[in-house]
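Participant: Just one file: structure17.tsv, with TSV, C-alpha atoms and all ligand atoms.
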```
chain	number	residue	atom	x	y	z
A	1025	MET	CA	43.50	-2.45	28.90
A	1026	GLY	CA	44.79	-2.46	25.32
A	1027	GLU	CA	43.01	-3.67	22.25
A	1028	PRO	CA	42.32	-7.39	22.66
A	1029	LEU	CA	45.07	-9.48	21.08
A	1030	ASN	CA	42.81	-12.09	19.62
A	1031	HIS	CA	41.34	-9.60	17.21
A	1032	THR	CA	41.55	-10.73	13.66
A	1033	THR	CA	42.84	-8.82	10.73
A	1034	PHE	CA	39.95	-7.80	8.56
A	1035	GLN	CA	40.31	-9.47	5.21
A	1036	SER	CA	37.84	-7.71	2.98
A	1037	GLN	CA	39.27	-5.40	0.37
A	1038	GLU	CA	36.04	-3.48	0.12
A	1039	SER	CA	35.09	-2.61	3.66
A	1040	VAL	CA	32.09	-0.31	3.76
A	1041	MET	CA	32.98	2.17	6.47
A	1042	SER	CA	31.59	5.32	4.95
A	1043	GLY	CA	28.91	7.12	6.95
A	1044	PRO	CA	28.50	7.39	10.68
A	1045	PRO	CA	29.10	4.42	13.00
A	1046	ARG	CA	26.15	2.08	13.34
A	1047	LYS	CA	24.47	1.26	16.62
A	1048	VAL	CA	23.76	-2.43	16.61
A	1049	LEU	CA	21.99	-4.93	18.83
A	1050	VAL	CA	23.78	-8.30	18.75
A	1051	THR	CA	21.97	-11.30	20.24
A	1052	GLY	CA	23.90	-14.44	21.19
A	1053	ALA	CA	26.79	-12.06	21.89
A	1054	THR	CA	28.28	-14.22	24.64
A	1055	GLY	CA	28.42	-17.23	22.30
A	1056	PHE	CA	31.07	-18.51	19.90
A	1057	ILE	CA	29.90	-16.73	16.74
A	1058	GLY	CA	28.22	-13.74	18.43
A	1059	ALA	CA	31.35	-12.65	20.30
A	1060	HIS	CA	33.31	-12.55	17.05
A	1061	VAL	CA	30.54	-10.45	15.49
A	1062	VAL	CA	30.72	-8.09	18.48
A	1063	ASP	CA	34.50	-7.82	18.08
A	1064	GLU	CA	34.32	-7.19	14.34
A	1065	LEU	CA	31.79	-4.38	14.88
A	1066	LEU	CA	33.77	-2.79	17.71
A	1067	ARG	CA	37.04	-3.03	15.83
A	1068	ARG	CA	35.47	-1.07	12.97
A	1069	GLY	CA	34.20	1.71	15.22
A	1070	HIS	CA	30.54	0.77	15.64
A	1071	VAL	CA	28.49	0.85	18.83
A	1072	VAL	CA	27.31	-2.55	20.11
A	1073	ARG	CA	24.57	-3.48	22.52
A	1074	ALA	CA	25.18	-7.10	23.42
A	1075	ALA	CA	22.14	-9.12	24.50
A	1076	THR	CA	22.38	-11.96	27.00
A	1077	ARG	CA	20.07	-13.78	29.41
A	1078	ASP	CA	22.83	-13.81	31.98
A	1079	PRO	CA	24.31	-10.55	33.33
A	1080	GLY	CA	27.28	-12.56	34.68
A	1081	LYS	CA	28.20	-13.63	31.14
A	1082	GLY	CA	27.60	-10.05	29.99
A	1083	LYS	CA	30.08	-8.78	32.56
A	1084	LEU	CA	32.73	-11.26	31.41
A	1085	LEU	CA	32.20	-10.17	27.81
A	1086	LYS	CA	32.48	-6.51	28.78
A	1087	ASP	CA	35.45	-6.95	31.14
A	1088	ALA	CA	37.48	-8.49	28.33
A	1089	ARG	CA	36.76	-5.44	26.16
A	1090	LEU	CA	37.15	-2.47	28.51
A	1091	TYR	CA	39.29	-0.89	25.82
A	1092	TYR	CA	36.10	-0.03	23.93
A	1093	GLY	CA	34.48	1.81	26.83
A	1094	ASP	CA	30.86	2.84	26.25
A	1095	ARG	CA	30.87	1.57	22.70
A	1096	LEU	CA	30.01	-1.83	24.20
A	1097	GLN	CA	26.85	-2.01	26.30
A	1098	ILE	CA	25.21	-5.09	27.79
A	1099	VAL	CA	21.45	-5.65	27.89
A	1100	GLN	CA	19.62	-8.47	29.62
A	1101	ILE	CA	16.91	-10.34	27.71
A	1102	ALA	CA	14.58	-13.24	28.51
A	1103	ASP	CA	15.00	-16.83	27.39
A	1104	PHE	CA	13.21	-17.39	24.08
A	1105	SER	CA	10.99	-19.99	25.73
A	1106	GLN	CA	9.41	-17.16	27.75
A	1107	ALA	CA	7.61	-14.03	26.61
A	1108	VAL	CA	10.62	-12.33	25.05
A	1109	SER	CA	10.65	-8.81	23.62
A	1110	PHE	CA	13.51	-6.81	22.14
A	1111	LYS	CA	11.58	-3.54	21.97
A	1112	ASP	CA	13.48	-1.95	24.87
A	1113	ALA	CA	16.79	-3.57	23.93
A	1114	VAL	CA	16.69	-2.02	20.46
A	1115	LYS	CA	15.84	1.56	21.57
A	1116	ASP	CA	18.11	4.18	19.90
A	1117	LEU	CA	19.77	1.56	17.69
A	1118	ASP	CA	19.70	1.29	13.89
A	1119	GLY	CA	20.59	-2.34	13.19
A	1120	ILE	CA	20.16	-5.84	14.60
A	1121	ILE	CA	22.35	-8.91	14.15
A	1122	HIS	CA	20.38	-11.82	15.56
A	1123	VAL	CA	22.75	-14.69	16.29
A	1124	ALA	CA	21.14	-16.41	19.29
A	1125	SER	CA	19.24	-19.67	18.87
A	1126	PRO	CA	18.85	-22.73	21.06
A	1127	LEU	CA	21.26	-25.56	20.23
A	1128	ASP	CA	20.91	-28.51	22.55
A	1129	TYR	CA	21.52	-31.97	21.15
A	1130	THR	CA	20.33	-33.49	24.44
A	1131	ALA	CA	16.86	-31.92	24.11
A	1132	GLN	CA	14.04	-34.22	25.21
A	1133	ASP	CA	11.20	-32.15	23.79
A	1134	ASN	CA	12.01	-30.95	20.28
A	1135	GLU	CA	9.20	-28.45	20.01
A	1136	ILE	CA	9.49	-26.85	23.45
A	1137	GLN	CA	13.28	-26.80	23.70
A	1138	LEU	CA	14.34	-26.19	20.11
A	1139	VAL	CA	11.75	-25.30	17.49
A	1140	LYS	CA	9.41	-22.94	19.34
A	1141	PRO	CA	12.11	-20.87	21.08
A	1142	ALA	CA	14.09	-20.48	17.82
A	1143	ILE	CA	10.98	-19.12	16.08
A	1144	ALA	CA	10.01	-16.95	19.07
A	1145	GLY	CA	13.45	-15.32	19.14
A	1146	VAL	CA	13.22	-14.39	15.46
A	1147	ARG	CA	9.64	-13.17	15.81
A	1148	ALA	CA	10.60	-10.91	18.73
A	1149	VAL	CA	13.52	-9.47	16.75
A	1150	MET	CA	11.35	-8.75	13.70
A	1151	GLU	CA	8.60	-7.18	15.81
A	1152	ALA	CA	11.10	-4.94	17.62
A	1153	ALA	CA	12.64	-3.88	14.30
A	1154	GLY	CA	9.19	-3.17	12.89
A	1155	ALA	CA	8.31	-0.99	15.86
A	1156	ASN	CA	11.52	1.06	15.66
A	1157	LEU	CA	11.79	3.17	12.53
A	1158	ASP	CA	15.51	3.78	13.12
A	1159	VAL	CA	16.27	0.13	12.38
A	1160	LYS	CA	17.36	-0.13	8.75
A	1161	ARG	CA	18.49	-3.74	8.56
A	1162	VAL	CA	18.22	-7.04	10.39
A	1163	VAL	CA	20.83	-9.76	9.78
A	1164	ILE	CA	19.98	-13.25	11.02
A	1165	THR	CA	22.35	-16.17	11.55
A	1166	SER	CA	20.46	-19.04	10.03
A	1167	SER	CA	22.36	-22.19	9.14
A	1168	PHE	CA	23.24	-24.65	6.42
A	1169	ALA	CA	20.83	-26.77	8.48
A	1170	SER	CA	17.99	-24.79	6.88
A	1171	VAL	CA	19.41	-25.49	3.38
A	1172	LEU	CA	20.42	-29.17	3.60
A	1173	ASP	CA	18.23	-31.89	2.17
A	1174	ALA	CA	19.46	-35.03	3.94
A	1175	ASN	CA	17.79	-37.26	1.32
A	1176	ARG	CA	19.34	-35.57	-1.68
A	1177	LYS	CA	21.96	-37.88	-3.16
A	1178	SER	CA	24.26	-37.71	-6.17
A	1179	PRO	CA	24.87	-38.59	-8.97
A	1180	PRO	CA	24.48	-36.26	-10.63
A	1181	HIS	CA	26.84	-33.93	-8.82
A	1182	PHE	CA	25.04	-30.90	-7.38
A	1183	THR	CA	25.82	-27.68	-5.54
A	1184	TYR	CA	23.71	-26.37	-2.68
A	1185	THR	CA	22.99	-22.65	-3.02
A	1186	ALA	CA	20.96	-20.10	-1.09
A	1187	ALA	CA	17.98	-21.06	-3.25
A	1188	ASP	CA	17.76	-24.45	-1.50
A	1189	TRP	CA	15.60	-25.17	1.54
A	1190	ASN	CA	15.57	-28.12	3.86
A	1191	PRO	CA	12.34	-30.02	3.02
A	1192	LEU	CA	11.63	-31.04	6.66
A	1193	SER	CA	8.03	-30.42	7.72
A	1194	TYR	CA	7.13	-28.82	11.02
A	1195	GLU	CA	5.54	-32.09	12.14
A	1196	GLU	CA	8.69	-34.10	11.38
A	1197	SER	CA	10.83	-31.53	13.19
A	1198	ILE	CA	8.90	-31.75	16.44
A	1199	ALA	CA	8.06	-35.48	16.42
A	1200	LYS	CA	9.11	-37.48	19.47
A	1201	GLU	CA	11.06	-39.98	17.39
A	1202	THR	CA	13.00	-37.23	15.58
A	1203	SER	CA	16.55	-36.84	16.87
A	1204	ALA	CA	17.55	-33.51	18.38
A	1205	VAL	CA	20.08	-33.06	15.53
A	1206	VAL	CA	17.28	-33.22	12.95
A	1207	ALA	CA	14.92	-31.16	15.14
A	1208	TYR	CA	17.61	-28.47	15.31
A	1209	ARG	CA	17.64	-28.39	11.49
A	1210	GLY	CA	13.89	-27.84	11.60
A	1211	SER	CA	14.26	-25.12	14.22
A	1212	LYS	CA	16.66	-23.19	11.98
A	1213	LYS	CA	14.46	-23.61	8.91
A	1214	PHE	CA	11.23	-22.50	10.57
A	1215	ALA	CA	12.92	-19.65	12.43
A	1216	GLU	CA	14.40	-18.32	9.19
A	1217	LEU	CA	11.08	-18.70	7.39
A	1218	GLU	CA	9.44	-16.72	10.18
A	1219	ALA	CA	11.71	-13.79	9.31
A	1220	TRP	CA	11.09	-13.94	5.54
A	1221	ASP	CA	7.33	-14.31	6.13
A	1222	PHE	CA	7.38	-11.23	8.35
A	1223	ILE	CA	8.93	-9.23	5.49
A	1224	LYS	CA	6.30	-10.54	3.05
A	1225	ARG	CA	3.37	-9.87	5.37
A	1226	HIS	CA	4.39	-6.45	6.72
A	1227	ASN	CA	6.63	-4.92	4.05
A	1228	PRO	CA	8.47	-3.06	6.84
A	1229	ALA	CA	10.78	-0.06	6.59
A	1230	PHE	CA	13.83	-2.25	7.32
A	1231	ASP	CA	15.20	-5.06	5.20
A	1232	LEU	CA	16.59	-8.50	5.96
A	1233	VAL	CA	19.71	-10.54	5.18
A	1234	THR	CA	20.09	-14.14	6.32
A	1235	LEU	CA	23.34	-16.11	6.48
A	1236	CYS	CA	23.48	-19.90	6.30
A	1237	PRO	CA	26.87	-21.12	7.50
A	1238	PRO	CA	27.81	-24.82	7.83
A	1239	MET	CA	30.06	-26.13	10.65
A	1240	THR	CA	31.88	-23.16	12.08
A	1241	PHE	CA	35.34	-23.52	13.57
A	1242	GLY	CA	38.11	-21.27	14.85
A	1243	PRO	CA	39.56	-19.58	17.91
A	1244	VAL	CA	37.11	-18.50	20.59
A	1245	SER	CA	36.73	-14.93	21.80
A	1246	HIS	CA	33.71	-15.47	24.07
A	1247	PRO	CA	34.00	-16.32	27.77
A	1248	VAL	CA	34.74	-20.06	28.08
A	1249	ALA	CA	35.23	-21.28	31.65
A	1250	ASN	CA	37.47	-24.22	30.67
A	1251	ILE	CA	38.28	-26.64	27.88
A	1252	ASP	CA	35.26	-28.84	28.75
A	1253	LYS	CA	32.91	-25.94	28.05
A	1254	LEU	CA	33.77	-25.42	24.39
A	1255	ASN	CA	30.95	-24.86	21.93
A	1256	GLU	CA	29.70	-27.95	20.07
A	1257	SER	CA	31.59	-27.46	16.76
A	1258	ASN	CA	35.03	-26.64	18.21
A	1259	ASN	CA	34.62	-29.43	20.72
A	1260	THR	CA	34.77	-31.96	17.88
A	1261	LEU	CA	38.14	-30.53	16.76
A	1262	TRP	CA	39.41	-30.74	20.31
A	1263	LYS	CA	38.26	-34.37	20.59
A	1264	VAL	CA	40.44	-35.21	17.59
A	1265	ALA	CA	43.47	-33.25	18.81
A	1266	SER	CA	43.26	-34.59	22.37
A	1267	GLY	CA	42.94	-38.19	21.23
A	1268	GLN	CA	39.38	-38.77	22.47
A	1269	ASP	CA	37.54	-39.56	19.31
A	1270	LEU	CA	37.61	-39.34	15.51
A	1271	PRO	CA	34.04	-38.28	14.73
A	1272	VAL	CA	32.52	-38.61	11.27
A	1273	ALA	CA	31.58	-35.33	9.60
A	1274	ARG	CA	27.84	-35.13	8.84
A	1275	VAL	CA	28.68	-32.69	6.06
A	1276	PRO	CA	32.07	-31.78	4.58
A	1277	PHE	CA	31.39	-28.04	4.63
A	1278	TRP	CA	32.75	-25.49	7.09
A	1279	VAL	CA	33.67	-21.84	7.58
A	1280	ASP	CA	36.08	-19.99	9.88
A	1281	VAL	CA	34.29	-18.04	12.60
A	1282	ARG	CA	36.36	-14.91	11.85
A	1283	ASP	CA	35.33	-14.98	8.19
A	1284	LEU	CA	31.74	-15.53	9.27
A	1285	ALA	CA	31.91	-12.51	11.59
A	1286	VAL	CA	33.12	-10.36	8.69
A	1287	ALA	CA	30.22	-11.73	6.62
A	1288	HIS	CA	27.73	-10.63	9.32
A	1289	VAL	CA	29.11	-7.11	9.48
A	1290	GLU	CA	29.28	-6.72	5.70
A	1291	ALA	CA	25.73	-8.07	5.47
A	1292	LEU	CA	24.67	-5.32	7.84
A	1293	LEU	CA	26.52	-2.50	6.09
A	1294	ARG	CA	26.21	-3.11	2.37
A	1295	PRO	CA	23.00	-1.46	1.14
A	1296	GLU	CA	22.86	-3.51	-2.06
A	1297	VAL	CA	22.58	-6.92	-0.33
A	1298	GLY	CA	19.26	-6.16	1.40
A	1299	GLY	CA	16.78	-9.00	0.84
A	1300	SER	CA	19.52	-11.61	0.25
A	1301	ARG	CA	20.08	-15.05	1.69
A	1302	PHE	CA	23.69	-16.26	1.59
A	1303	THR	CA	25.37	-19.59	2.14
A	1304	VAL	CA	28.75	-18.70	3.68
A	1305	ALA	CA	31.27	-21.52	3.29
A	1306	SER	CA	34.89	-22.15	2.46
A	1307	PRO	CA	35.44	-23.81	-0.94
A	1308	GLU	CA	37.76	-26.34	0.80
A	1309	LYS	CA	36.02	-29.39	2.27
A	1310	PHE	CA	36.98	-31.03	5.54
A	1311	SER	CA	37.00	-34.36	7.33
A	1312	TYR	CA	38.12	-35.16	10.85
A	1313	SER	CA	41.08	-37.16	9.51
A	1314	LYS	CA	42.18	-33.93	7.84
A	1315	VAL	CA	42.06	-32.33	11.30
A	1316	ALA	CA	44.25	-35.16	12.63
A	1317	ASP	CA	46.74	-34.69	9.76
A	1318	ILE	CA	47.00	-30.96	10.46
A	1319	VAL	CA	47.50	-31.49	14.20
A	1320	ARG	CA	50.21	-34.09	13.49
A	1321	ALA	CA	51.99	-31.75	11.09
A	1322	GLU	CA	51.67	-28.55	13.12
A	1323	PHE	CA	52.31	-29.61	16.72
A	1324	ASP	CA	55.30	-31.59	18.02
A	1325	TRP	CA	53.00	-33.45	20.48
A	1326	GLY	CA	50.50	-34.19	17.68
A	1327	GLU	CA	51.72	-37.61	16.55
A	1328	LYS	CA	51.50	-39.07	20.06
A	1329	ARG	CA	48.22	-37.56	21.14
A	1330	VAL	CA	45.91	-37.21	18.16
A	1331	ALA	CA	42.89	-39.53	17.79
A	1332	LYS	CA	43.57	-42.68	15.77
A	1333	GLY	CA	41.17	-44.01	13.21
A	1334	GLU	CA	40.74	-44.94	9.59
A	1335	THR	CA	41.37	-42.24	7.02
A	1336	GLN	CA	38.05	-40.68	6.12
A	1337	THR	CA	37.39	-39.90	2.49
A	1338	ILE	CA	35.88	-36.50	1.89
A	1339	ASP	CA	32.48	-36.61	0.23
A	1340	GLU	CA	33.06	-34.95	-3.16
A	1341	SER	CA	29.61	-35.80	-4.52
A	1342	HIS	CA	28.25	-32.30	-3.96
A	1343	ASP	CA	29.32	-28.76	-3.09
A	1344	LEU	CA	28.08	-25.74	-1.20
A	1345	ASP	CA	28.26	-22.31	-2.81
A	1346	GLY	CA	30.39	-19.96	-0.73
A	1347	GLU	CA	31.51	-17.95	-3.76
A	1348	THR	CA	28.39	-15.80	-4.04
A	1349	ALA	CA	28.83	-14.63	-0.44
A	1350	ALA	CA	32.56	-14.09	-1.06
A	1351	LYS	CA	31.81	-11.91	-4.07
A	1352	ASP	CA	28.85	-9.95	-2.69
A	1353	LEU	CA	30.23	-9.51	0.84
A	1354	GLY	CA	33.93	-9.12	-0.07
A	1355	LEU	CA	35.16	-12.19	1.82
A	1356	ARG	CA	38.40	-14.12	1.47
A	1357	TYR	CA	38.08	-17.49	3.21
A	1358	ARG	CA	40.87	-18.76	5.43
A	1359	SER	CA	42.41	-22.19	4.84
A	1360	PHE	CA	41.32	-25.14	6.97
A	1361	GLN	CA	44.90	-25.56	8.08
A	1362	ALA	CA	45.06	-22.00	9.47
A	1363	THR	CA	41.71	-22.40	11.24
A	1364	VAL	CA	42.61	-25.72	12.89
A	1365	LYS	CA	46.09	-24.53	13.83
A	1366	ASP	CA	44.86	-21.25	15.37
A	1367	PHE	CA	42.13	-22.96	17.35
A	1368	ILE	CA	44.18	-25.94	18.60
A	1369	LYS	CA	47.00	-23.63	19.71
A	1370	GLN	CA	44.46	-21.69	21.79
A	1371	ALA	CA	42.78	-24.87	23.10
A	1372	VAL	CA	46.10	-26.26	24.36
A	1373	GLU	CA	46.75	-23.01	26.22
A	1374	MET	CA	43.26	-23.25	27.76
A	1375	GLU	CA	43.92	-26.83	28.83
A	1376	GLN	CA	47.20	-25.88	30.49
A	1377	LYS	CA	45.63	-23.05	32.52
A	1401	LIG	N1	28.57	-23.18	15.69
A	1401	LIG	C1	28.22	-23.64	14.50
A	1401	LIG	O1	28.91	-24.54	13.94
A	1401	LIG	C2	27.03	-23.06	13.77
A	1401	LIG	C3	26.85	-23.39	12.41
A	1401	LIG	C4	25.78	-22.84	11.73
A	1401	LIG	C5	24.91	-21.98	12.35
A	1401	LIG	N2	25.08	-21.68	13.67
A	1401	LIG	C6	24.14	-20.74	14.30
A	1401	LIG	O2	24.90	-19.67	14.81
A	1401	LIG	C7	24.28	-19.15	15.98
A	1401	LIG	C8	25.26	-19.10	17.12
A	1401	LIG	O3	25.85	-20.35	17.32
A	1401	LIG	P1	27.06	-20.54	18.33
A	1401	LIG	O4	27.81	-21.73	17.89
A	1401	LIG	O5	27.76	-19.25	18.51
A	1401	LIG	O6	26.26	-20.91	19.65
A	1401	LIG	P2	26.58	-20.63	21.18
A	1401	LIG	O7	28.03	-20.51	21.43
A	1401	LIG	O8	25.82	-21.67	21.93
A	1401	LIG	O9	25.91	-19.22	21.43
A	1401	LIG	C9	24.54	-19.01	21.29
A	1401	LIG	C10	24.07	-17.94	22.25
A	1401	LIG	O10	22.65	-17.79	22.09
A	1401	LIG	C11	22.05	-17.54	23.34
A	1401	LIG	N3	20.93	-18.47	23.50
A	1401	LIG	C12	20.96	-19.82	23.37
A	1401	LIG	N4	19.76	-20.35	23.64
A	1401	LIG	C13	18.93	-19.31	23.94
A	1401	LIG	C14	17.58	-19.22	24.33
A	1401	LIG	N5	16.80	-20.31	24.48
A	1401	LIG	N6	17.07	-18.00	24.58
A	1401	LIG	C15	17.87	-16.88	24.48
A	1401	LIG	N7	19.15	-16.92	24.13
A	1401	LIG	C16	19.68	-18.12	23.86
A	1401	LIG	C17	23.09	-17.78	24.43
A	1401	LIG	O11	23.43	-16.53	25.03
A	1401	LIG	P3	23.20	-16.23	26.62
A	1401	LIG	O12	23.43	-17.52	27.36
A	1401	LIG	O13	24.22	-15.19	26.92
A	1401	LIG	O14	21.82	-15.72	26.72
A	1401	LIG	C18	24.31	-18.32	23.69
A	1401	LIG	O15	25.52	-17.73	24.13
A	1401	LIG	C19	23.05	-20.00	16.24
A	1401	LIG	O16	21.95	-19.35	15.62
A	1401	LIG	C20	23.37	-21.30	15.48
A	1401	LIG	O17	22.20	-21.96	15.10
A	1401	LIG	C21	26.13	-22.21	14.41
```
Now that the file is in, can you turn its structure into structure tokens?
Facilitator:
Amino acid sequence: MGEPLNHTTFQSQESVMSGPPRKVLVTGATGFIGAHVVDELLRRGHVVRAATRDPGKGKLLKDARLYYGDRLQIVQIADFSQAVSFKDAVKDLDGIIHVASPLDYTAQDNEIQLVKPAIAGVRAVMEAAGANLDVKRVVITSSFASVLDANRKSPPHFTYTAADWNPLSYEESIAKETSAVVAYRGSKKFAELEAWDFIKRHNPAFDLVTLCPPMTFGPVSHPVANIDKLNESNNTLWKVASGQDLPVARVPFWVDVRDLAVAHVEALLRPEVGGSRFTVASPEKFSYSKVADIVRAEFDWGEKRVAKGETQTIDESHDLDGETAAKDLGLRYRSFQATVKDFIKQAVEMEQK
């Protein structure tokens, strides 16, 4: 098998590829973001151990990347709601990119299904890193959900940065009356805090970088059985393109999954960014009517099929800093048009299969 075609062209001008290849544990590797992180590492010559709860999914991930031979290994781990440990999974490795976290907007019990497992996953990663002196850095996929303050309103105009934290309390996050969307925001906040607290309490030999991306869109490289099994964020794009629904964006911020994968790998490799928290976001804002406009303009079937609805105005009252990450991690963000076009083209092919 040749090199997978859906590999992206690395955009950074300042790729750090000096030194020997890294050996990296990637959790959530069978998911939307994790698979792109795996691909970015493999493409650059690193060794990847991909963690999954499901060996079947691991096999699909591996079978699509036979080109890389032994540089891609699969390891089975437990669900984060059980007693999970990464100590064996991280043996002989020198870095961890922890992407996995529960995301289930149908959760009935916020604490058991979302908040506790998210924290437990991070705790297990930090403990495994602490017990393995070869591990030099842990990178964690947090989220803009751990930055956002849903009650913060303008005027005056403001810009969210990595210094901001979601003010949700643990009690609010787990309360019965709290929606799963809000509980998820709490799960990301308290999971990320768990990691930073570990660093404070233990002063370990490794350091930490956390990334807080907003809505993440773009072509998929993970195993997706069919178009109905898309991840949550891309599914909203598909709803627009396939005429099902014109959702309203909770926030106008987004990033392309390929740019985010580059950010993860740069966050792992650049010595000087140890101890940093980054918001990783395109400077261009989005709305779902913008998605509809792009589909109409880019695809000859677009006009007929795309979801109808009133033009949504993009909320310009505040911004999210993606420039610091761009500068420190050497990123160049793709345009929303390119992201939507690349993903919808792939989604149509999936639908036709
Ligand atoms: N997609 C977005 O728009 C977005 C935006 C901001 C932040 N994030 C964050 O990015 C990360 C990845 O998101 P994604 O969109 O790639 O999600 P995804 O496609 O659902 O992948 C997440 C992976 O995590 C693993 N996982 C989920 N629940 C788990 C649990 N309870 N125990 C152990 N493993 C579990 C699963 O792997 P296995 O089934 O193979 O075990 C799954 O493939 C998450 O931390 C999420 O919070 C996502």
Participant: Using only C-alpha atoms and all ligand atoms, which residues have at least one atom no more than 8 Å from ligand LIG 1401 (chain A)? Output them as an MDAnalysis selection string.
Facilitator: chainID A and resid 1051:1059 1075:1079 1081:1082 1101:1105 1122:1127 1137:1138 1141:1142 1145 1164:1169 1208 1212 1236:1241 1255:1258 1278
Participant: Write out as a VMD selection string the residues lying within 10 Å of Ala1186 of chain A, counting only C-alpha atoms and excluding same-chain residues fewer than 3 positions away.
Facilitator: chain A and resid 1168 1170 to 1171 1189 1234 to 1236 1300 to 1304 1344 to 1346 1348 to 1349
Participant: So, with only C-alpha atoms as the atoms that count, which of A:Asn1156, A:Gln1100, A:Thr1363, A:Ser1211 lies closest to Asp1128 of chain A?
Facilitator: A:Ser1211
Participant: Using Å and a single decimal, report how far atom CA of Glu1375 of chain A sits from atom CA of Pro1243 of chain A.
Facilitator: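 Atom-to-atom, atom CA of Pro1243 of chain A to atom CA of Glu1375 of chain A, that is 13.8 Å.
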Participant: Build an axis-aligned box that encloses every atom of segment 1202-1210 of chain A listed in the file, pad it by 8 Å on each side, and report its centre and edge lengths in Å to one decimal, as AutoDock Vina command-line options.
Facilitator:
```
--center_x 16.5 --center_y -32.5 --center_z 14.9 --size_x 23.1 --size_y 25.4 --size_z 22.9
```
Participant: Atom CA of Ile1121 of chain A and atom CA of Val1048 of chain A, how far apart in Å?
Facilitator: 7.1 Å
Participant: Find the distance between atom CA of Arg1225 of chain A and atom CA of Val1146 of chain A and write it in Å to one decimal.
Facilitator: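 Atom-to-atom, atom CA of Arg1225 of chain A and atom CA of Val1146 of chain A are spaced 14.8 Å apart.
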Participant: Give the answer as one residue: which of A:Lys1083, A:Val1289, A:Asp1269, A:Ala1088 has the shortest atom-to-atom distance to Arg1046 of chain A, using all atoms listed in the file?
Facilitator: A:Val1289
Participant: Using only C-alpha atoms, can you tell me which of A:His1288, A:Arg1329, A:Lys1115, A:Lys1213 comes closest to Leu1355 of chain A?
Facilitator: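 Comparing A:His1288, A:Arg1329, A:Lys1115, A:Lys1213 against Leu1355 of chain A, the winner is A:His1288.
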Participant: Taking into account all atoms listed in the file, which residue in the set A:Val1244, A:Ala1331, A:Ala1215, A:Ala1107 is nearest to Ala1285 of chain A?
Facilitator: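 Closest candidate: A:Val1244.
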Participant: Determine the nearest neighbour of Glu1308 of chain A from the options A:Gln1361, A:Thr1337, A:Gln1132, A:Asn1190, counting only C-alpha atoms.
Facilitator: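 Closest to Glu1308 of chain A of all the choices is A:Gln1361.
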Participant: Rank nothing, just name the residue among A:Leu1117, A:Ala1265, A:Val1061, A:Val1206 nearest to Leu1192 of chain A, using only C-alpha atoms.
Facilitator: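 Closest residue, counting only C-alpha atoms: A:Val1206.
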Participant: Can you tell me, as a list of chain:residue names, what residues are no more than 10 Å from Ala1229 of chain A when counting all atoms listed in the file, ignoring any on the same chain fewer than 4 positions away?
Facilitator: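 In the requested format, the answer is A:Ala1153, A:Gly1154, A:Ala1155, A:Asn1156, A:Leu1157, A:Asp1158, A:Val1159, A:Lys1160, A:Arg1161, A:Ile1223.
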Participant: For Lys1086 of chain A, list every protein, DNA or RNA residue within 9 Å, evaluated using all atoms listed in the file, and leave out those in the same chain fewer than 5 positions away; present the list as a PyMOL selection string.
Facilitator: chain A and resi 1081+1092-1093+1096-1098
Participant: Find the spatial neighbours of Phe1182 of chain A, counting only C-alpha atoms, within a cut-off of 8 Å - ignore same-chain residues fewer than 3 positions away - and output them as a count of residues only.
Facilitator: 5
